[in-house]
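Asker: Just coords.pdb, nothing more (PDB, C-alpha atoms and all ligand atoms):
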```
ATOM      1  CA  MET A   1    -164.757  35.895  34.634
ATOM      2  CA  ILE A   2    -166.171  39.367  33.983
ATOM      3  CA  ARG A   3    -163.643  42.133  33.311
ATOM      4  CA  VAL A   4    -164.480  45.847  33.148
ATOM      5  CA  LYS A   5    -162.289  48.851  32.378
ATOM      6  CA  VAL A   6    -163.575  52.012  34.025
ATOM      7  CA  PRO A   7    -162.194  55.535  33.464
ATOM      8  CA  ALA A   8    -161.120  58.248  35.888
ATOM      9  CA  THR A   9    -163.278  61.365  35.813
ATOM     10  CA  THR A  10    -162.987  65.038  36.624
ATOM     11  CA  ALA A  11    -166.105  66.699  38.034
ATOM     12  CA  ASN A  12    -167.544  70.222  38.385
ATOM     13  CA  ILE A  13    -165.141  71.685  35.723
ATOM     14  CA  GLY A  14    -165.331  74.928  37.730
ATOM     15  CA  PRO A  15    -168.931  76.192  37.805
ATOM     16  CA  GLY A  16    -170.857  72.946  37.122
ATOM     17  CA  PHE A  17    -170.970  71.848  40.768
ATOM     18  CA  ASP A  18    -172.434  68.319  41.170
ATOM     19  CA  SER A  19    -173.574  68.336  37.529
ATOM     20  CA  LEU A  20    -170.747  68.377  34.948
ATOM     21  CA  GLY A  21    -168.093  65.694  34.508
ATOM     22  CA  ILE A  22    -165.535  64.518  31.940
ATOM     23  CA  ALA A  23    -164.122  60.985  31.531
ATOM     24  CA  LEU A  24    -160.340  60.625  31.216
ATOM     25  CA  GLN A  25    -158.056  58.031  29.634
ATOM     26  CA  LEU A  26    -156.793  56.613  32.921
ATOM     27  CA  TYR A  27    -158.422  53.347  33.953
ATOM     28  CA  ASN A  28    -159.064  50.892  36.758
ATOM     29  CA  ILE A  29    -159.573  47.250  35.810
ATOM     30  CA  ILE A  30    -162.069  45.193  37.802
ATOM     31  CA  GLU A  31    -162.370  41.411  37.377
ATOM     32  CA  VAL A  32    -165.080  39.432  39.132
ATOM     33  CA  GLU A  33    -166.223  35.826  39.261
ATOM     34  CA  GLU A  34    -168.441  33.691  41.447
ATOM     35  CA  ILE A  35    -166.552  31.106  43.496
ATOM     36  CA  ASN A  36    -167.776  28.315  45.761
ATOM     37  CA  PHE A  37    -167.544  30.219  49.025
ATOM     38  CA  GLY A  38    -166.130  33.280  50.791
ATOM     39  CA  LEU A  39    -164.961  36.707  49.636
ATOM     40  CA  GLU A  40    -161.518  36.955  48.036
ATOM     41  CA  ILE A  41    -160.341  40.457  47.040
ATOM     42  CA  ASN A  42    -156.942  40.674  45.357
ATOM     43  CA  VAL A  43    -155.051  43.953  44.962
ATOM     44  CA  PRO A  44    -151.408  44.531  43.942
ATOM     45  CA  VAL A  45    -148.989  44.579  46.898
ATOM     46  CA  GLU A  46    -148.407  48.357  46.633
ATOM     47  CA  ASP A  47    -152.161  49.032  47.106
ATOM     48  CA  ARG A  48    -152.692  46.819  50.164
ATOM     49  CA  MET A  49    -152.154  49.716  52.591
ATOM     50  CA  HIS A  50    -154.927  51.802  51.005
ATOM     51  CA  ILE A  51    -157.574  49.452  49.639
ATOM     52  CA  GLU A  52    -159.769  47.359  51.895
ATOM     53  CA  THR A  53    -159.898  43.692  50.996
ATOM     54  CA  ASN A  54    -162.930  42.789  53.097
ATOM     55  CA  GLU A  55    -166.688  43.499  52.960
ATOM     56  CA  HIS A  56    -165.965  47.262  53.302
ATOM     57  CA  ASN A  57    -164.360  47.337  49.851
ATOM     58  CA  LEU A  58    -166.317  49.760  47.642
ATOM     59  CA  VAL A  59    -166.384  47.518  44.542
ATOM     60  CA  TYR A  60    -167.765  44.709  46.695
ATOM     61  CA  ARG A  61    -170.339  47.044  48.302
ATOM     62  CA  ALA A  62    -171.539  48.156  44.855
ATOM     63  CA  MET A  63    -171.875  44.515  43.737
ATOM     64  CA  LYS A  64    -173.739  43.664  46.922
ATOM     65  CA  ARG A  65    -176.126  46.573  46.322
ATOM     66  CA  LEU A  66    -177.042  45.187  42.906
ATOM     67  CA  PHE A  67    -177.404  41.634  44.258
ATOM     68  CA  GLU A  68    -179.830  42.956  46.909
ATOM     69  CA  VAL A  69    -181.921  44.722  44.265
ATOM     70  CA  VAL A  70    -182.248  41.579  42.118
ATOM     71  CA  ASP A  71    -182.357  39.213  45.130
ATOM     72  CA  PHE A  72    -179.312  37.152  44.151
ATOM     73  CA  HIS A  73    -177.129  35.374  46.712
ATOM     74  CA  PRO A  74    -173.712  34.428  45.315
ATOM     75  CA  LYS A  75    -172.034  31.360  46.857
ATOM     76  CA  GLY A  76    -168.785  33.331  47.037
ATOM     77  CA  LEU A  77    -166.970  36.064  45.111
ATOM     78  CA  ARG A  78    -163.492  36.683  43.788
ATOM     79  CA  ILE A  79    -162.641  40.312  42.897
ATOM     80  CA  ASN A  80    -159.304  41.312  41.329
ATOM     81  CA  LEU A  81    -158.532  45.049  41.269
ATOM     82  CA  ILE A  82    -155.942  46.966  39.304
ATOM     83  CA  ASN A  83    -156.159  50.578  40.430
ATOM     84  CA  ASN A  84    -154.497  53.201  38.277
ATOM     85  CA  ILE A  85    -156.773  56.052  39.417
ATOM     86  CA  PRO A  86    -155.175  57.734  42.459
ATOM     87  CA  LEU A  87    -157.357  57.541  45.571
ATOM     88  CA  ALA A  88    -159.078  60.589  47.092
ATOM     89  CA  ARG A  89    -157.465  63.120  44.699
ATOM     90  CA  GLY A  90    -160.612  64.365  42.925
ATOM     91  CA  LEU A  91    -160.220  61.962  39.995
ATOM     92  CA  GLY A  92    -163.319  59.859  40.551
ATOM     93  CA  SER A  93    -161.739  56.821  42.212
ATOM     94  CA  SER A  94    -164.911  56.115  44.258
ATOM     95  CA  ALA A  95    -167.193  56.571  41.257
ATOM     96  CA  ALA A  96    -165.008  54.146  39.269
ATOM     97  CA  CYS A  97    -165.375  51.502  42.019
ATOM     98  CA  ILE A  98    -169.140  52.019  42.241
ATOM     99  CA  ALA A  99    -169.800  52.135  38.473
ATOM    100  CA  GLY A 100    -167.415  49.241  37.809
ATOM    101  CA  GLY A 101    -168.782  47.097  40.653
ATOM    102  CA  LEU A 102    -172.410  47.589  39.593
ATOM    103  CA  VAL A 103    -171.771  46.874  35.900
ATOM    104  CA  ALA A 104    -169.597  43.833  36.711
ATOM    105  CA  ALA A 105    -172.287  42.420  39.038
ATOM    106  CA  ASN A 106    -174.974  43.042  36.438
ATOM    107  CA  LYS A 107    -172.889  41.311  33.723
ATOM    108  CA  LEU A 108    -172.236  38.362  36.035
ATOM    109  CA  LEU A 109    -176.014  37.816  36.118
ATOM    110  CA  ASN A 110    -176.527  38.463  32.370
ATOM    111  CA  ASP A 111    -177.769  42.049  32.704
ATOM    112  CA  PRO A 112    -180.966  41.882  34.783
ATOM    113  CA  LEU A 113    -180.892  45.692  35.258
ATOM    114  CA  LYS A 114    -181.137  48.244  32.461
ATOM    115  CA  LYS A 115    -178.483  50.929  31.949
ATOM    116  CA  GLU A 116    -180.765  53.598  33.466
ATOM    117  CA  GLU A 117    -181.300  51.509  36.618
ATOM    118  CA  ILE A 118    -177.539  51.053  37.031
ATOM    119  CA  MET A 119    -177.037  54.813  36.625
ATOM    120  CA  TYR A 120    -179.604  55.591  39.276
ATOM    121  CA  LEU A 121    -178.151  53.053  41.746
ATOM    122  CA  ALA A 122    -174.650  54.375  41.083
ATOM    123  CA  ALA A 123    -175.625  58.043  41.494
ATOM    124  CA  THR A 124    -177.464  57.363  44.754
ATOM    125  CA  MET A 125    -174.446  55.444  46.104
ATOM    126  CA  ASP A 126    -172.031  58.266  45.172
ATOM    127  CA  GLY A 127    -174.447  61.067  46.134
ATOM    128  CA  HIS A 128    -174.208  62.968  42.833
ATOM    129  CA  THR A 129    -174.032  62.273  39.110
ATOM    130  CA  ASP A 130    -170.963  64.242  38.063
ATOM    131  CA  ASN A 131    -168.366  61.461  38.347
ATOM    132  CA  ILE A 132    -170.699  58.492  37.892
ATOM    133  CA  LEU A 133    -172.144  59.487  34.510
ATOM    134  CA  PRO A 134    -168.871  60.107  32.648
ATOM    135  CA  ALA A 135    -167.397  56.968  34.272
ATOM    136  CA  LEU A 136    -170.264  54.976  32.743
ATOM    137  CA  VAL A 137    -170.817  56.629  29.370
ATOM    138  CA  GLY A 138    -167.679  58.758  28.748
ATOM    139  CA  GLY A 139    -167.254  62.206  27.212
ATOM    140  CA  LEU A 140    -168.676  65.311  28.859
ATOM    141  CA  THR A 141    -171.884  64.662  30.789
ATOM    142  CA  VAL A 142    -174.499  66.994  32.199
ATOM    143  CA  GLY A 143    -176.725  65.250  34.720
ATOM    144  CA  CYS A 144    -179.358  65.629  37.438
ATOM    145  CA  LEU A 145    -180.271  63.105  40.121
ATOM    146  CA  LEU A 146    -184.070  63.060  40.538
ATOM    147  CA  GLU A 147    -186.099  61.166  43.117
ATOM    148  CA  ASN A 148    -186.245  57.934  41.102
ATOM    149  CA  GLU A 149    -184.049  58.455  38.072
ATOM    150  CA  VAL A 150    -181.137  60.239  36.478
ATOM    151  CA  LYS A 151    -181.580  62.663  33.578
ATOM    152  CA  TYR A 152    -178.468  63.304  31.535
ATOM    153  CA  VAL A 153    -176.931  64.169  28.191
ATOM    154  CA  LYS A 154    -173.549  62.893  27.075
ATOM    155  CA  MET A 155    -171.484  64.840  24.534
ATOM    156  CA  ASN A 156    -168.287  63.753  22.820
ATOM    157  CA  LEU A 157    -165.427  66.206  23.227
ATOM    158  CA  PRO A 158    -163.034  67.268  20.448
ATOM    159  CA  PRO A 159    -159.946  64.980  20.394
ATOM    160  CA  GLN A 160    -157.494  67.904  20.604
ATOM    161  CA  LEU A 161    -158.768  68.721  24.104
ATOM    162  CA  LYS A 162    -156.464  67.443  26.852
ATOM    163  CA  LEU A 163    -156.305  67.885  30.611
ATOM    164  CA  LEU A 164    -153.174  68.660  32.575
ATOM    165  CA  ALA A 165    -153.634  67.065  36.000
ATOM    166  CA  ILE A 166    -151.522  68.471  38.830
ATOM    167  CA  ILE A 167    -151.915  65.834  41.537
ATOM    168  CA  PRO A 168    -150.579  66.566  45.040
ATOM    169  CA  ASP A 169    -149.272  63.682  47.130
ATOM    170  CA  PHE A 170    -152.011  63.802  49.784
ATOM    171  CA  HIS A 171    -155.610  62.625  50.099
ATOM    172  CA  PHE A 172    -158.564  65.028  50.437
ATOM    173  CA  SER A 173    -161.886  63.350  51.098
ATOM    174  CA  THR A 174    -165.003  64.590  49.308
ATOM    175  CA  LYS A 175    -166.937  64.244  52.559
ATOM    176  CA  LYS A 176    -164.617  66.708  54.320
ATOM    177  CA  ALA A 177    -164.454  69.002  51.274
ATOM    178  CA  ARG A 178    -168.270  69.260  51.257
ATOM    179  CA  LEU A 179    -168.321  70.307  54.905
ATOM    180  CA  LEU A 180    -166.380  73.430  53.887
ATOM    181  CA  LEU A 181    -169.258  74.722  51.746
ATOM    182  CA  PRO A 182    -171.869  77.243  52.940
ATOM    183  CA  GLN A 183    -175.506  76.187  53.282
ATOM    184  CA  ASN A 184    -176.810  79.092  51.164
ATOM    185  CA  VAL A 185    -175.621  80.848  48.031
ATOM    186  CA  PRO A 186    -176.460  84.498  47.206
ATOM    187  CA  VAL A 187    -178.486  84.932  44.001
ATOM    188  CA  GLU A 188    -175.715  86.888  42.254
ATOM    189  CA  GLU A 189    -173.263  84.019  42.852
ATOM    190  CA  ALA A 190    -175.773  81.471  41.540
ATOM    191  CA  VAL A 191    -176.298  83.654  38.438
ATOM    192  CA  PHE A 192    -172.520  83.970  38.012
ATOM    193  CA  ASN A 193    -172.212  80.162  37.909
ATOM    194  CA  ILE A 194    -175.297  79.532  35.762
ATOM    195  CA  SER A 195    -174.069  81.827  32.987
ATOM    196  CA  ARG A 196    -170.632  80.240  33.012
ATOM    197  CA  VAL A 197    -171.963  76.669  32.952
ATOM    198  CA  GLY A 198    -173.840  77.423  29.731
ATOM    199  CA  LEU A 199    -170.808  79.097  28.200
ATOM    200  CA  LEU A 200    -168.567  76.238  29.339
ATOM    201  CA  VAL A 201    -170.612  73.394  27.864
ATOM    202  CA  ALA A 202    -171.178  75.204  24.564
ATOM    203  CA  SER A 203    -167.506  76.220  24.297
ATOM    204  CA  LEU A 204    -166.183  72.733  25.094
ATOM    205  CA  VAL A 205    -168.322  70.883  22.568
ATOM    206  CA  THR A 206    -167.788  73.439  19.785
ATOM    207  CA  ALA A 207    -164.033  73.793  20.502
ATOM    208  CA  HIS A 208    -164.357  77.520  21.316
ATOM    209  CA  PHE A 209    -161.505  77.109  23.759
ATOM    210  CA  GLU A 210    -160.845  80.872  23.880
ATOM    211  CA  ASN A 211    -163.859  81.203  26.235
ATOM    212  CA  LEU A 212    -162.638  78.680  28.779
ATOM    213  CA  SER A 213    -160.610  80.952  31.053
ATOM    214  CA  GLU A 214    -163.843  82.823  31.860
ATOM    215  CA  ALA A 215    -166.179  79.825  31.560
ATOM    216  CA  THR A 216    -164.311  77.765  34.200
ATOM    217  CA  LYS A 217    -164.741  80.456  36.884
ATOM    218  CA  ASP A 218    -166.804  79.475  39.903
ATOM    219  CA  LYS A 219    -168.196  81.115  43.038
ATOM    220  CA  ILE A 220    -169.960  78.151  44.637
ATOM    221  CA  HIS A 221    -167.279  75.729  45.814
ATOM    222  CA  GLN A 222    -163.720  76.667  44.797
ATOM    223  CA  PRO A 223    -163.534  79.844  46.940
ATOM    224  CA  TYR A 224    -164.310  77.734  50.030
ATOM    225  CA  ARG A 225    -161.942  74.892  49.198
ATOM    226  CA  LYS A 226    -158.908  76.689  47.774
ATOM    227  CA  ASP A 227    -157.339  77.470  51.160
ATOM    228  CA  PHE A 228    -156.962  73.728  51.708
ATOM    229  CA  ILE A 229    -155.174  73.273  48.372
ATOM    230  CA  PRO A 230    -151.483  74.159  48.811
ATOM    231  CA  ASN A 231    -150.236  76.828  46.362
ATOM    232  CA  TRP A 232    -153.660  77.194  44.683
ATOM    233  CA  GLU A 233    -153.133  80.893  43.792
ATOM    234  CA  GLU A 234    -149.568  80.454  42.500
ATOM    235  CA  ILE A 235    -150.422  77.371  40.457
ATOM    236  CA  THR A 236    -153.626  78.678  38.867
ATOM    237  CA  SER A 237    -152.010  82.076  38.039
ATOM    238  CA  LYS A 238    -149.020  80.308  36.509
ATOM    239  CA  LEU A 239    -151.258  78.008  34.459
ATOM    240  CA  ILE A 240    -153.146  80.957  32.959
ATOM    241  CA  LYS A 241    -149.903  82.894  32.388
ATOM    242  CA  ILE A 242    -148.287  80.073  30.420
ATOM    243  CA  GLY A 243    -151.312  79.611  28.212
ATOM    244  CA  VAL A 244    -153.720  76.936  29.477
ATOM    245  CA  LYS A 245    -157.224  77.530  28.144
ATOM    246  CA  GLY A 246    -158.821  77.348  31.598
ATOM    247  CA  CYS A 247    -158.204  75.780  34.994
ATOM    248  CA  PHE A 248    -160.275  74.440  37.868
ATOM    249  CA  LEU A 249    -160.287  72.265  40.974
ATOM    250  CA  SER A 250    -160.899  68.687  39.865
ATOM    251  CA  GLY A 251    -164.041  67.544  41.709
ATOM    252  CA  SER A 252    -163.535  68.357  45.367
ATOM    253  CA  GLY A 253    -159.732  68.391  44.910
ATOM    254  CA  PRO A 254    -156.901  68.308  45.699
ATOM    255  CA  THR A 255    -155.962  67.849  42.001
ATOM    256  CA  ILE A 256    -155.823  71.057  39.945
ATOM    257  CA  MET A 257    -156.692  70.735  36.241
ATOM    258  CA  GLY A 258    -155.567  72.843  33.308
ATOM    259  CA  ILE A 259    -157.356  72.584  29.973
ATOM    260  CA  LEU A 260    -155.008  72.239  26.994
ATOM    261  CA  ASP A 261    -155.297  71.805  23.266
ATOM    262  CA  GLU A 262    -152.871  69.836  21.086
ATOM    263  CA  ASP A 263    -150.075  72.377  21.560
ATOM    264  CA  TYR A 264    -149.234  71.431  25.136
ATOM    265  CA  LYS A 265    -145.675  70.093  25.458
ATOM    266  CA  ASN A 266    -144.085  73.411  26.509
ATOM    267  CA  ILE A 267    -146.846  74.046  29.044
ATOM    268  CA  GLU A 268    -146.350  70.636  30.617
ATOM    269  CA  ASN A 269    -142.560  71.071  30.832
ATOM    270  CA  GLU A 270    -142.822  74.584  32.215
ATOM    271  CA  MET A 271    -145.307  73.480  34.865
ATOM    272  CA  VAL A 272    -143.099  70.567  35.978
ATOM    273  CA  LYS A 273    -140.204  73.012  36.374
ATOM    274  CA  PHE A 274    -142.366  75.515  38.291
ATOM    275  CA  LEU A 275    -143.766  72.880  40.664
ATOM    276  CA  SER A 276    -140.307  71.468  41.426
ATOM    277  CA  HIS A 277    -139.535  74.712  43.319
ATOM    278  CA  LEU A 278    -142.506  74.298  45.684
ATOM    279  CA  GLU A 279    -142.379  72.448  48.974
ATOM    280  CA  GLN A 280    -145.464  70.332  48.229
ATOM    281  CA  ARG A 281    -144.800  67.347  45.913
ATOM    282  CA  TYR A 282    -146.974  66.987  42.768
ATOM    283  CA  LYS A 283    -147.316  64.497  39.958
ATOM    284  CA  VAL A 284    -148.051  66.123  36.596
ATOM    285  CA  THR A 285    -149.763  64.139  33.888
ATOM    286  CA  VAL A 286    -151.480  65.021  30.601
ATOM    287  CA  LEU A 287    -154.691  63.043  30.135
ATOM    288  CA  ASP A 288    -156.783  62.579  27.007
ATOM    289  CA  VAL A 289    -160.546  62.672  27.192
ATOM    290  CA  CYS A 290    -162.215  59.234  27.149
ATOM    291  CA  ASN A 291    -165.237  59.549  24.884
ATOM    292  CA  GLN A 292    -166.075  55.824  25.280
ATOM    293  CA  GLY A 293    -166.651  55.411  29.002
ATOM    294  CA  LEU A 294    -166.722  52.087  30.814
ATOM    295  CA  GLU A 295    -165.968  49.026  28.679
ATOM    296  CA  VAL A 296    -166.675  45.380  29.339
ATOM    297  CA  LEU A 297    -163.621  43.445  28.108
ATOM    298  CA  ASN A 298    -163.389  39.971  26.687
ATOM    299  CA  ASP A 299    -160.238  37.929  25.963
ATOM    300  CA  GLU A 300    -159.685  39.784  22.678
ATOM    301  CA  GLY A 301    -160.118  43.241  24.245
ATOM    302  CA  SER A 302    -163.228  45.379  24.264
ATOM    303  CA  ASN A 303    -166.630  43.763  24.167
ATOM    304  CA  GLY A 304    -168.328  47.079  23.615
ATOM    305  CA  CYS A 305    -168.856  50.315  25.453
ATOM    306  CA  TYR A 306    -171.472  50.907  28.075
ATOM    307  CA  ARG A 307    -174.122  52.704  26.063
TER     308      ARG A 307
HETATM  309  N1  LIG A 401    -169.374  67.521  42.958
HETATM  310  C1  LIG A 401    -168.637  66.852  43.982
HETATM  311  C2  LIG A 401    -168.046  67.891  44.922
HETATM  312  C3  LIG A 401    -167.566  66.073  43.288
HETATM  313  O1  LIG A 401    -167.481  68.852  44.435
HETATM  314  O2  LIG A 401    -168.159  67.736  46.136
HETATM  315  C4  LIG A 401    -166.790  65.174  44.142
HETATM  316  O3  LIG A 401    -165.808  64.526  43.342
END
```
Translate this file's structure into structure tokens.
Ligand code: HSE

Answerer:
Amino acid sequence: MIRVKVPATTANIGPGFDSLGIALQLYNIIEVEEINFGLEINVPVEDRMHIETNEHNLVYRAMKRLFEVVDFHPKGLRINLINNIPLARGLGSSAACIAGGLVAANKLLNDPLKKEEIMYLAATMDGHTDNILPALVGGLTVGCLLENEVKYVKMNLPPQLKLLAIIPDFHFSTKKARLLLPQNVPVEEAVFNISRVGLLVASLVTAHFENLSEATKDKIHQPYRKDFIPNWEEITSKLIKIGVKGCFLSGSGPTIMGILDEDYKNIENEMVKFLSHLEQRYKVTVLDVCNQGLEVLNDEGSNGCYR
């Protein structure tokens, strides 16, 4: 039995559209083993409405992709899934399934593919690198998907950095959220984002959190998506007013993220109170950064990170 623990991720971080991502300490567990015949996918009862348990399941599709590449034909497969990452909320649930499925399949066959090959397969399946890379290697990642490979750098983030996730109780698919974006971007808007991406990465890794309210600003995707996020203006204004360091739409939404340092308890409580007066229902949770990334577990616990 192969068991992997794969983190949630938040992508874009404002201006870093399709490039920047951060891994979070919220995990799905994927267990896989070869059986004599058939496909058996087990999910907890409460997830059966939302997660497919047939050949359309995304973890299975990722495993199948790897088996095709290495020309392996399993007799049968058993897949057990424990999903803690909420689905279609901008927290990298698809990337976790893809990254976890590929690594689990590779481990099942004693690692025929190298880490870089897994990354490339994963990024092409997800369409971009910004959730896949932090899911695999953790921390803050900057990545580009090229024709045949992925180029990236992973940076560890300071431990005092935390993310306040404001998660609405509805799904928002990335596919639909991408259809909202314009085909072309004016040069001044591209320049606006480029300068903030540089400031953002440098400020995050050096703990210059005072720059983050400016560095998380974006003109490429958030302006086109915010009208579909209930209470976006009220929530983001309130977050800044009560002292978050910066805030942004997590991936393609609908989760809104606030960046916090260690002094966060009052901000969390105040936000819960504020949100309770709105019609839309939200779950609020403070998440630590996961600097480790995906782990392959053994019976004693971790069998090492995915480096
Ligand atoms: N960069 C992608 C987007 C992330 O914003 O569409 C999806 O999670």

Asker: Just checking: using all atoms listed in the file, which residue out of A:Lys162, A:His50, A:His128, A:Lys245 ends up closest to ligand LIG 401 (chain A)?

Answerer: A:His128

Asker: Let me have all residues with an atom within 9 Å of ligand LIG 401 (chain A), counting only C-alpha atoms and all ligand atoms, laid out as a PyMOL selection string.

Answerer: chain A and resi 9-12+16-21+88-95+126-131+173-178+221-222+249-253

Asker: From the list A:Leu133, A:Val197, A:Ala123, A:Val244, which residue is nearest Phe209 (chain A) when using all atoms listed in the file?

Answerer: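 Smallest distance to Phe209 (chain A) is found for A:Val244.
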
Asker: Enumerate, in order of chain and increasing residue number, the residues of region 25-121 of chain A with an atom no farther than 8 Å from region 141-151 of chain A, each with its shortest atom pair and distance in Å to one decimal, counting only C-alpha atoms, as JSON lines.

Answerer:
```
{"residue": "A:Glu116", "atom": "CA", "partner": "A:Val150", "partner_atom": "CA", "distance": 7.3}
{"residue": "A:Glu117", "atom": "CA", "partner": "A:Glu149", "partner_atom": "CA", "distance": 7.6}
{"residue": "A:Met119", "atom": "CA", "partner": "A:Val150", "partner_atom": "CA", "distance": 6.8}
{"residue": "A:Tyr120", "atom": "CA", "partner": "A:Glu149", "partner_atom": "CA", "distance": 5.4}
```

Asker: Please, what is the axis-aligned box for every listed atom of region 74-81 of chain A with 8 Å on each side, as centre and edge lengths in Å to one decimal, as lines of an AutoDock Vina configuration file?

Answerer:
```
center_x = -166.1
center_y = 38.2
center_z = 44.2
size_x = 31.2
size_y = 29.7
size_z = 21.8
```

Asker: Between A:Ala135, A:Ile35, A:Ala8, A:Leu87, single out the one closest to Leu294 (chain A), counting only C-alpha atoms.

Answerer: A:Ala135

Asker: In terms of the shortest atom-to-atom distance over only C-alpha atoms, which of A:Tyr60, A:Glu68, A:Leu140, A:Val6 is closest to Asn83 (chain A)?

Answerer: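 Nearest to Asn83 (chain A): A:Val6.
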
Asker: I'd like to know which of A:Ser276, A:Gln292, A:Thr285, A:Asn298 is closest to Val137 (chain A), using only C-alpha atoms.

Answerer: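 Of A:Ser276, A:Gln292, A:Thr285, A:Asn298, the one nearest Val137 (chain A), counting only C-alpha atoms, is A:Gln292.
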
Asker: Could you list, as a PyMOL selection string, every residue within 12 Å of Lys64 (chain A), counting all atoms listed in the file and ignoring same-chain residues fewer than 4 positions away?

Answerer: chain A and resi 39+55-60+68-74+76-77+98+101-106+121+125

Asker: Kindly export the residues of the current selection with C-alpha atoms, as a PDB file, in the coordinates of the input.

Answerer:
```pdb
ATOM      1  CA  LEU A  39    -164.961  36.707  49.636  1.00  0.00           C
ATOM      2  CA  GLU A  55    -166.688  43.499  52.960  1.00  0.00           C
ATOM      3  CA  HIS A  56    -165.965  47.262  53.302  1.00  0.00           C
ATOM      4  CA  ASN A  57    -164.360  47.337  49.851  1.00  0.00           C
ATOM      5  CA  LEU A  58    -166.317  49.760  47.642  1.00  0.00           C
ATOM      6  CA  VAL A  59    -166.384  47.518  44.542  1.00  0.00           C
ATOM      7  CA  TYR A  60    -167.765  44.709  46.695  1.00  0.00           C
ATOM      8  CA  GLU A  68    -179.830  42.956  46.909  1.00  0.00           C
ATOM      9  CA  VAL A  69    -181.921  44.722  44.265  1.00  0.00           C
ATOM     10  CA  VAL A  70    -182.248  41.579  42.118  1.00  0.00           C
ATOM     11  CA  ASP A  71    -182.357  39.213  45.130  1.00  0.00           C
ATOM     12  CA  PHE A  72    -179.312  37.152  44.151  1.00  0.00           C
ATOM     13  CA  HIS A  73    -177.129  35.374  46.712  1.00  0.00           C
ATOM     14  CA  PRO A  74    -173.712  34.428  45.315  1.00  0.00           C
ATOM     15  CA  GLY A  76    -168.785  33.331  47.037  1.00  0.00           C
ATOM     16  CA  LEU A  77    -166.970  36.064  45.111  1.00  0.00           C
ATOM     17  CA  ILE A  98    -169.140  52.019  42.241  1.00  0.00           C
ATOM     18  CA  GLY A 101    -168.782  47.097  40.653  1.00  0.00           C
ATOM     19  CA  LEU A 102    -172.410  47.589  39.593  1.00  0.00           C
ATOM     20  CA  VAL A 103    -171.771  46.874  35.900  1.00  0.00           C
ATOM     21  CA  ALA A 104    -169.597  43.833  36.711  1.00  0.00           C
ATOM     22  CA  ALA A 105    -172.287  42.420  39.038  1.00  0.00           C
ATOM     23  CA  ASN A 106    -174.974  43.042  36.438  1.00  0.00           C
ATOM     24  CA  LEU A 121    -178.151  53.053  41.746  1.00  0.00           C
ATOM     25  CA  MET A 125    -174.446  55.444  46.104  1.00  0.00           C
TER      26      MET A 125
END
```

Asker: Find the residue from A:Pro168, A:Pro158, A:Pro7, A:Pro86 that sits nearest to Asp47 (chain A); use all atoms listed in the file when measuring.

Answerer: A:Pro86

Asker: If the PyMOL selection byres (((chain A and resi 281) around 6) and not hetatm) were run on this exact file, what residues would it hold? Put them as number ranges by chain.

Answerer: A: 168-169, 280, 282

Asker: Determine the residue set returned by the PyMOL selection byres (((chain A and resi 270) around 12) and not hetatm) for the present structure, and present it as a PyMOL selection string.

Answerer: chain A and resi 164+235+238-239+241-244+264-269+271-277+284

Asker: I'd like to see the residues matched by the PyMOL selection byres (((chain A and resi 261) around 7) and not hetatm) on this file, and ideally I'd get them as a tab-separated table (two decimals) with C-alpha atoms, in the coordinates of the input.

Answerer:
```
chain	number	residue	atom	x	y	z
A	160	GLN	CA	-157.49	67.90	20.60
A	161	LEU	CA	-158.77	68.72	24.10
A	162	LYS	CA	-156.46	67.44	26.85
A	260	LEU	CA	-155.01	72.24	26.99
A	262	GLU	CA	-152.87	69.84	21.09
A	263	ASP	CA	-150.07	72.38	21.56
A	264	TYR	CA	-149.23	71.43	25.14
```

Asker: Could you tell me how far CA of Thr206 (chain A) lies from CA of Ser237 (chain A), in Å and to one decimal?

Answerer: 25.6 Å

Asker: Quote the spacing between CA of Leu181 (chain A) and CA of Lys226 (chain A) in Å to one decimal place.

Answerer: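 Taking CA of Leu181 (chain A) and CA of Lys226 (chain A), their separation equals 11.3 Å.
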